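Following: one structure in structure tokens, then a few remarks.
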Number of protein chains: 2
Amino acid sequence: MGRLVLLLLLAFLMPGLAIPVPPALKALSNLHLSTSFTSRPSVVMKYSIHYIEQKIDHFGFKNDKTFNQRYLIADQHWRKEGGSILFYTGNEGDIIWFCNNTGFMWDVAEELKAMLVFAEHRYYGQSLPFGADAFRDSRHLNFLTSEQALADFAELIKHLKRTIPGAENQPFIALGGSYGGMLAAWFRMKYPHIVVGALAASAPIWQFEDIVPCGVFMKIVTKDFKRSGPNCSESIQRSWDAINRLTRNGTGLDWLSEALHLCTPLKNAHDVQHLKDWISETWVVCQYLKNPNLSDKKLLQNIFQALNVYYNYSGQARCLNMSETSTSSLGTLGWSYQACTEIVMPFCTNGIDDMFEPHPWDLKAFSDECFKQWGVKPRPSWITSMYGGKNISSHTNIIFSNGDLDPWSGGGVTKNITNTLVAIIIPEGAHHLDLRANNAFDPMTVLLARTLEVKYMKQWIRDFYASPRKKH
Amino acid sequence: MGRLVLLLLLAFLMPGLAIPVPPALKALSNLHLSTSFTSRPSVVMKYSIHYIEQKIDHFGFKNDKTFNQRYLIADQHWRKEGGSILFYTGNEGDIIWFCNNTGFMWDVAEELKAMLVFAEHRYYGQSLPFGADAFRDSRHLNFLTSEQALADFAELIKHLKRTIPGAENQPFIALGGSYGGMLAAWFRMKYPHIVVGALAASAPIWQFEDIVPCGVFMKIVTKDFKRSGPNCSESIQRSWDAINRLTRNGTGLDWLSEALHLCTPLKNAHDVQHLKDWISETWVVCQYLKNPNLSDKKLLQNIFQALNVYYNYSGQARCLNMSETSTSSLGTLGWSYQACTEIVMPFCTNGIDDMFEPHPWDLKAFSDECFKQWGVKPRPSWITSMYGGKNISSHTNIIFSNGDLDPWSGGGVTKNITNTLVAIIIPEGAHHLDLRANNAFDPMTVLLARTLEVKYMKQWIRDFYASPRKKH
């Protein structure tokens, strides 16, 4: 059960409610890939903070403005002889947060004689092109793309090789989790001359277009709920109709607002939809939901108990505030823009294979909303054009790790593609659990995964040192 | 001798005099990579003309304007069963011109059951973003980069797969010569999911930064001159000082203007520099330059004879016009911009290893001139960041062919890198002679090269059909 709570905390992080349709999927289509769980590292995390001047536009020459990209370095265990450099390809958030939450890198630094570098993704944390104006409009946001971020990483590594004595002749390995894992994999694909390999943890690189079914994510969520105990998913599944029935009239709206201790009472159908979305985001606890065969009112009172555990963990709140979700540390504006442009991940539910109300993926409505919010239109097939979709077998040296419990594994690489593009499945693993620090409660499976990952990385390092090196 | 004339016609094409420094290298730094030689194909070239709507900016979402990219299709020999698609990655000029000058593709179409596609490079021929405004300023030119061109090619191939029945499940092979050869190689490196391999003919992918010595190009030119007969390169080498001595005063200026039959007499040192640059561009004939040990005046009269063969081949011109060079069919404006931004190729001479006046490579001066002309500054290291410089061994299925006589071979890949990144040297070959149509005068070496190229392409096609195919 504890693992499930963790899993869903990880899986359901939302950047507010930036994109208000399609209804129940509003938040889903905009799902953050990251996590808000802070792991306890087994080593002291001591790093220095640096900045590099980067071109705002790597792909054009008209705009020669620059911004400062932040990165962190930890070199306690680095050895100039036979060492390596582990490079975290930062994702949608403050890099210090990812640094603190990627204990795996700290745990293996000594064994790999590795310098650790954590590079912040542009438009997140302190790495803001145009500073405070970064999110003002689509003109300022125009340089927030994965291609620009990868080019930042490439230029940063060239800079490190040039400026840190001893770094020039060392192998760099890309690591990242979630969207950061996608970046790590894409970085190796596009810049194999710069990193010798990549560990892409829980990277749903196939959650695009129709490469995987749009329902796979919520199907796995539902499967996890079923696994956690009897009747929970059935209770949730039933609750949608119960809400619909009860809120047909004012009395029902009042009753439900009170039963759920909402700070702002429900007034109309729009509020009810918002309520359902808000509840969908927060399905984390099942202990109050053992019996789906209750009256509508009893069922919804149990739903309140469950919500209360999630939102009112301190016990201090007198009512539940639907404008509150749990992702303050992540860059919600930036991610919402990315989801509206390149990172277009179709999600859908059918209410049969999953416990949610049925909602098809509606690209048209999604696109219209994006245009309304950002003045841009998504290009859903671009990521496949750029990064190859399923046709990636000509690349080498990428580890794709996925937790079996993680709904993102539905869009991940879960089978070996070649003997150097390998998949690691962690049967009891949640969203990139393998990148977390070693922990006494880790299941054996994740320990094995980490061991295997180190083994591959050591092989890449050995291959690097065994081959003739070139300056450029 | 005939071959040498051809070689230098090929090697010395200039886009006017767009960038007026550093002096003697002014034109060199801006060398067109292409050729103006029209080969006679052994087959009838029948193609249809098409247009595809392309995003002007593939790498941003603010600008959603489009332009029409032109491409040509020839499918007389295409077979839906077991066929292939040869895709010419157009370079800096009108695509019809490249289509007519790449007889190799026409000659092998039947054997490979191949459809031929010739894709025009954006900002050349009829494929102009912003139409007539394309070259107006750096804002309109901002989307003229190799990355955008490659993205056009990728989107075009996806479009062909979608719209031509039978094309979806066929292997695409990229081919190109000179800058087009660089694009073919880079296309395979960056989009290996889209093309199964690339034939990169005479592609100087290493003529950047200090990957090869900046003097290598002119050294090979000089070597070719030496090879063509005794004393020619010595005559040329001596001529610079002879010009300098003679033009110290007005009488000398007049004498020289008359001796060279210049349409506009030389007036000052600036004109003399222009003269030397103009002569440097046109060193193609050596039969009048057998004896370097003549008086200054006799030597320069011989120089006139040589120039006259090059510029006054019809015998009709009464004087020689220094504003005339030989590259009308190529997109000189576009190439000048590309040379000032991404495609920054250092050239230099030292007067010792080569027959030219010494001129070091002066990036600062070059950059200043670029800024003056285009309002942009070159980023000379970007191509290496993007495409890997010498560190390209993780890629596969690229043939690099180079003619031994071709000065561009100095920046090319002339040794095998791995067993799928192979070099083919054509001992008597000029600039991408292998891409030309079969011709009775072809040396045996180029016939062998073409045979080998077909053998590799057939292997890629076989591998493609032997492996499981994927939709994305």
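Lettering and numbering for the structure tokens are positional, with chains as A, B, ... in the shown order, residues counted from 1 in each chain, and ligands counted from 1 in the shown order.
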* Quick one: which residues from chain A are at most 9 Å off chain B, using only C-alpha atoms, as a PyMOL selection string? -> chain A and resi 58-64+138-145+147-148+151+154-155+158+189-194+211+341-342+375-379+382+384-396+469-472
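Running DSSP on the backbone gives helix (DSSP H, G or I) for these residues within stretch 152-192 of chain B: Asp152, Phe153, Ala154, Glu155, Leu156, Ile157, Lys158, His159, Leu160, Lys161, Arg162, Thr163, Tyr179, Gly180, Gly181, Met182, Leu183, Ala184, Ala185, Trp186, Phe187, Arg188, Met189 and Lys190 of chain B.
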Just-selected residues, C-alpha atoms written as a compact mmCIF listing (two decimals), in the first residue's frame:
```txt
# COMPACT_ATOMS: atom_id res chain seq x y z
CA ASP B 152 12.39 19.89 -44.60
CA PHE B 153 13.82 16.70 -46.06
CA ALA B 154 12.49 14.64 -43.14
CA GLU B 155 9.01 16.09 -43.43
CA LEU B 156 9.06 15.65 -47.19
CA ILE B 157 9.93 11.96 -46.89
CA LYS B 158 7.17 11.44 -44.32
CA HIS B 159 4.81 13.14 -46.75
CA LEU B 160 5.92 10.91 -49.64
CA LYS B 161 5.45 7.80 -47.51
CA ARG B 162 1.98 8.96 -46.60
CA THR B 163 0.84 9.96 -50.06
CA TYR B 179 27.39 20.78 -49.70
CA GLY B 180 24.61 18.42 -50.79
CA GLY B 181 26.93 15.58 -49.81
CA MET B 182 27.41 17.11 -46.38
CA LEU B 183 23.65 17.30 -46.07
CA ALA B 184 23.28 13.66 -47.16
CA ALA B 185 25.78 12.55 -44.51
CA TRP B 186 24.28 14.77 -41.80
CA PHE B 187 20.80 13.61 -42.74
CA ARG B 188 21.76 9.99 -42.10
CA MET B 189 23.47 11.01 -38.84
CA LYS B 190 20.52 12.97 -37.50
```
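DSSP, applied to the backbone of this structure, assigns strand (DSSP E or B) to the following residues of stretch 166-228 of chain A: Phe172, Ile173, Ala174, Leu175, Gly176, Gly177, Gly197, Ala198, Leu199, Ala200 and Ala201 of chain A.
With only C-alpha atoms as the atoms that count, the residue of B:Cys263, B:Met322, B:Ala203, B:Leu253 with the shortest distance to B:Ile279 is B:Met322.
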